[in-house]
Amino acid sequence: MSATTEPATAGAAPKKTPAKLVFAAPRRGKPPRHLADLTRAERREAVAELGEKPFRADQLSRHYFARLVDDPAKMTDLPAAVRERLVSELLPSLLTPVRELDCDGGRTLKTVWKAFDGVLFESVLMRYPDRATMCVSSQAGCGMNCPFCATGQAGLTRNLSTAEIVEQVAAGARAMARGRIPGGPGRVSNIVFMGMGEPLANYKAVIGAVHRITDPAPAGLGISQRSVTVSTVGLVPAIEKLAAEDMSVRLAVSLHAPDDELRDDLVPINNRWKVAEVLDAAWAYAERSGRRVSIEYALIKDVNDQAWRADLLGRLLRGHLVHVNLIPLNPTPGSKWTASRPEDEREFVRRLEAHGVPVTVRDTRGREIDGACGQLAAATKD
């Protein structure tokens, strides 16, 4: 069946060979232990094991999380000898910026980071008049193999540690606090796990990062859980596990197609958990958390942007605590996939609204700086 033709009745579809999916990251050396990998109690234990008084852990945490200090010389409440040892053991350098590009008058800043083992990944800081959002990576690469995504086509290199995720946010927070981003000193207010990787395939590290990001200082950065969004392509057991955490983070589901036939191709994990299963898990999360689910839908010309698919999506979503975020596709170089025509995008919006489903079209920031996740890291590697 053509992607542009509406199915008539359910019939026996040809059996497809699922694309290769990689859940387990390849075994590699671990990043050095960092303060942000540890809970507040674990930090005190770590400091005690180094022969120092446990309260030093709170001092170190206050510098890192509350004061956003990255220069040990400014940690003057720590005696020099103690400071050198604690910083060496608990605040090792994790990430090195190897490339930065900005646009939107400097208010969008994309950074390619190099980790201790040379792997590359990205984060994006976007400043708006009323907020500043950090888009962070949870993996170097991705194993979900979505064909229209630069990261998915790169494959999975490894999971990031909790501290490697948190340090992306801390770096953005420092840039805002120090007035590096036009608009004067400010703070990071929103976090979206929508960079490189599938967050729920790196579950433990991502949950640890959410706690470090949202715990009040000095335990963490003190950003509200309600300002954190965790995205997934639809790992149903992990969504159910996330619901059981009883947090108030928002869940975003990267759906990209309302019918299994197309989604099997666009989002290969759909060969394991179908659209209905993914949405059932999302509605259960919404009921338990009280948070509206965000449905992410990349509009791809002549692939998933037909009016009948908008109607099908509307029928699936209406009556639920949900919001649709339509994403004009940011095509990767050499890709056959491209963004929908403006008139098709408008009709898609109109049809969803006719079903009573709230919908917005995402701001297309970062196109001129390889804004789609994976693009800049791939270009830097090349």
# chains A, B, ... in the order shown; residues from 1 in each chain; ligands from 1

$ select_by_dssp --residues "segment 124-323 of chain A" --states "strand (DSSP E or B)" --output "ChimeraX atom specification"
/A:124-127,132-135,139-141,156-159,190-193,228-232,250-254,293-300,322-323

$ residues_around --residues "Lys301 of chain A" --least-positions-apart "6" --cutoff "6 Å" --atoms "only C-alpha atoms" --output "NGL selection string"
:A and (338-340)

$ write_last_selection --atoms "C-alpha atoms" --output "PDB file, in the first residue's frame"
ATOM      1  CA  THR A 338      11.927  16.732   3.490  1.00  0.00           C
ATOM      2  CA  ALA A 339       9.426  19.034   5.183  1.00  0.00           C
ATOM      3  CA  SER A 340       5.762  19.143   4.191  1.00  0.00           C
TER       4      SER A 340
END

$ closest_atom_pairs --of "segment 127-244 of chain A" --to "segment 263-283 of chain A" --cutoff "9 Å" --atoms "only C-alpha atoms" --output "CSV"
residue,atom,partner,partner_atom,distance
A:Met144,CA,A:Ile269,CA,6.7
A:Asn145,CA,A:Pro268,CA,6.7
A:Cys146,CA,A:Val267,CA,5.1
A:Pro147,CA,A:Leu266,CA,6.3
A:Phe148,CA,A:Leu266,CA,7.4
A:Val233,CA,A:Val267,CA,7.2
A:Gly234,CA,A:Val278,CA,5.6
A:Leu235,CA,A:Trp273,CA,7.4
A:Val236,CA,A:Val278,CA,5.8
A:Pro237,CA,A:Ala281,CA,8.4
A:Ile239,CA,A:Ala281,CA,6.4
A:Glu240,CA,A:Ala281,CA,6.4
A:Ala243,CA,A:Ala281,CA,8.9

$ closest_residue --among "A:Val119, A:Val47, A:Thr232, A:Leu160" --to "Val87 of chain A" --atoms "only C-alpha atoms"
A:Val47

$ select_by_dssp --residues "segment 20-246 of chain A" --states "alpha helix (DSSP H)" --output "ChimeraX atom specification"
/A:40-49,55-61,80-90,150-154,162-177,203-214,236-244

$ atom_distance --atom1 "atom CA of Thr162 of chain A" --atom2 "atom CA of Asp130 of chain A"
28.1 Å

$ atom_distance --atom1 "atom CA of Ala36 of chain A" --atom2 "atom CA of Arg212 of chain A"
6.7 Å

$ closest_residue --among "A:Arg127, A:His323, A:Lys74, A:Arg351" --to "Arg180 of chain A" --atoms "only C-alpha atoms"
A:Arg127

$ closest_residue --among "A:Arg131, A:Ser224, A:Val303, A:Pro32" --to "Leu262 of chain A" --atoms "only C-alpha atoms"
A:Val303

$ residues_around --residues "Glu245 of chain A" --least-positions-apart "5" --cutoff "10 Å" --atoms "only C-alpha atoms" --output "list in words"
Ile207, Glu240, Arg288 and Ser289 of chain A

$ write_last_selection --atoms "N, CA, C and O atoms" --output "mmCIF file, in the first residue's frame"
data_model
loop_
_atom_site.group_PDB
_atom_site.id
_atom_site.type_symbol
_atom_site.label_atom_id
_atom_site.label_comp_id
_atom_site.auth_asym_id
_atom_site.auth_seq_id
_atom_site.Cartn_x
_atom_site.Cartn_y
_atom_site.Cartn_z
ATOM 1 N N ILE A 207 16.860 9.023 34.789
ATOM 2 C CA ILE A 207 16.118 9.305 36.022
ATOM 3 C C ILE A 207 17.035 9.967 37.045
ATOM 4 O O ILE A 207 16.641 10.918 37.743
ATOM 5 N N GLU A 240 5.729 2.761 31.497
ATOM 6 C CA GLU A 240 5.025 2.283 32.693
ATOM 7 C C GLU A 240 5.904 2.430 33.930
ATOM 8 O O GLU A 240 5.419 2.800 35.010
ATOM 9 N N ARG A 288 -1.914 9.096 35.876
ATOM 10 C CA ARG A 288 -1.192 8.996 37.148
ATOM 11 C C ARG A 288 -0.465 10.290 37.496
ATOM 12 O O ARG A 288 -0.410 10.693 38.662
ATOM 13 N N SER A 289 0.103 10.951 36.494
ATOM 14 C CA SER A 289 0.899 12.156 36.753
ATOM 15 C C SER A 289 0.078 13.428 36.768
ATOM 16 O O SER A 289 0.496 14.454 37.314
#

$ residues_around --residues "Val136 of chain A" --least-positions-apart "3" --cutoff "8 Å" --atoms "only C-alpha atoms" --output "ChimeraX atom specification"
/A:122-124,165,168-169,191-196

$ write_last_selection --atoms "C-alpha atoms" --output "PDB file, in the first residue's frame"
ATOM      1  CA  GLU A 122      25.117  17.704  21.255  1.00  0.00           C
ATOM      2  CA  SER A 123      23.080  20.068  23.363  1.00  0.00           C
ATOM      3  CA  VAL A 124      21.142  23.178  22.382  1.00  0.00           C
ATOM      4  CA  ILE A 165      23.687  14.634  31.063  1.00  0.00           C
ATOM      5  CA  GLN A 168      25.063  19.789  29.646  1.00  0.00           C
ATOM      6  CA  VAL A 169      22.423  21.572  31.725  1.00  0.00           C
ATOM      7  CA  ILE A 191      14.744  21.000  30.082  1.00  0.00           C
ATOM      8  CA  VAL A 192      13.781  18.718  27.204  1.00  0.00           C
ATOM      9  CA  PHE A 193      15.316  15.274  26.731  1.00  0.00           C
ATOM     10  CA  MET A 194      15.002  15.540  22.961  1.00  0.00           C
ATOM     11  CA  GLY A 195      18.623  15.598  21.870  1.00  0.00           C
ATOM     12  CA  MET A 196      20.612  12.590  20.720  1.00  0.00           C
TER      13      MET A 196
END

$ residues_around --residues "Asp305 of chain A" --least-positions-apart "5" --cutoff "8 Å" --atoms "only C-alpha atoms" --output "compact mmCIF listing (two decimals) with all heavy atoms, in the first residue's frame"
# COMPACT_ATOMS: atom_id res chain seq x y z
N LEU A 299 6.40 16.29 10.43
CA LEU A 299 5.67 16.30 9.16
C LEU A 299 6.65 16.10 8.00
O LEU A 299 7.55 16.91 7.79
CB LEU A 299 4.91 17.61 8.99
CG LEU A 299 3.61 17.74 9.80
CD1 LEU A 299 3.08 19.16 9.71
CD2 LEU A 299 2.57 16.74 9.32
N ILE A 300 6.44 15.00 7.26
CA ILE A 300 7.33 14.63 6.16
C ILE A 300 6.53 14.65 4.86
O ILE A 300 5.48 14.00 4.75
CB ILE A 300 7.94 13.24 6.39
CG1 ILE A 300 8.57 13.16 7.79
CG2 ILE A 300 8.97 12.92 5.32
CD1 ILE A 300 9.02 11.76 8.18
N ALA A 310 -4.24 12.94 9.35
CA ALA A 310 -4.58 13.92 10.38
C ALA A 310 -5.91 13.55 11.04
O ALA A 310 -6.05 13.63 12.27
CB ALA A 310 -4.67 15.32 9.76
N SER A 340 7.03 19.06 4.91
CA SER A 340 5.76 19.14 4.19
C SER A 340 5.58 20.51 3.54
O SER A 340 6.17 21.51 3.96
CB SER A 340 4.61 18.90 5.16
OG SER A 340 4.66 17.61 5.70
N ASP A 344 -0.12 21.79 3.12
CA ASP A 344 -0.41 20.50 3.75
C ASP A 344 -0.27 20.60 5.27
O ASP A 344 -1.04 19.99 6.02
CB ASP A 344 0.51 19.42 3.20
CG ASP A 344 0.23 19.11 1.73
OD1 ASP A 344 -0.92 19.33 1.29
OD2 ASP A 344 1.16 18.66 1.03
N GLU A 345 0.72 21.36 5.72
CA GLU A 345 0.88 21.59 7.15
C GLU A 345 -0.34 22.29 7.72
O GLU A 345 -0.88 21.90 8.77
CB GLU A 345 2.14 22.43 7.39
CG GLU A 345 2.39 22.79 8.85
CD GLU A 345 3.59 23.71 9.01
OE1 GLU A 345 4.72 23.27 8.71
OE2 GLU A 345 3.37 24.89 9.39
N PHE A 348 -3.28 19.93 7.93
CA PHE A 348 -3.08 18.97 9.02
C PHE A 348 -3.51 19.60 10.34
O PHE A 348 -4.21 18.98 11.15
CB PHE A 348 -1.61 18.53 9.07
CG PHE A 348 -1.39 17.15 9.63
CD1 PHE A 348 -1.29 16.06 8.80
CD2 PHE A 348 -1.27 16.96 11.00
CE1 PHE A 348 -1.08 14.78 9.31
CE2 PHE A 348 -1.06 15.69 11.52
CZ PHE A 348 -0.96 14.60 10.67
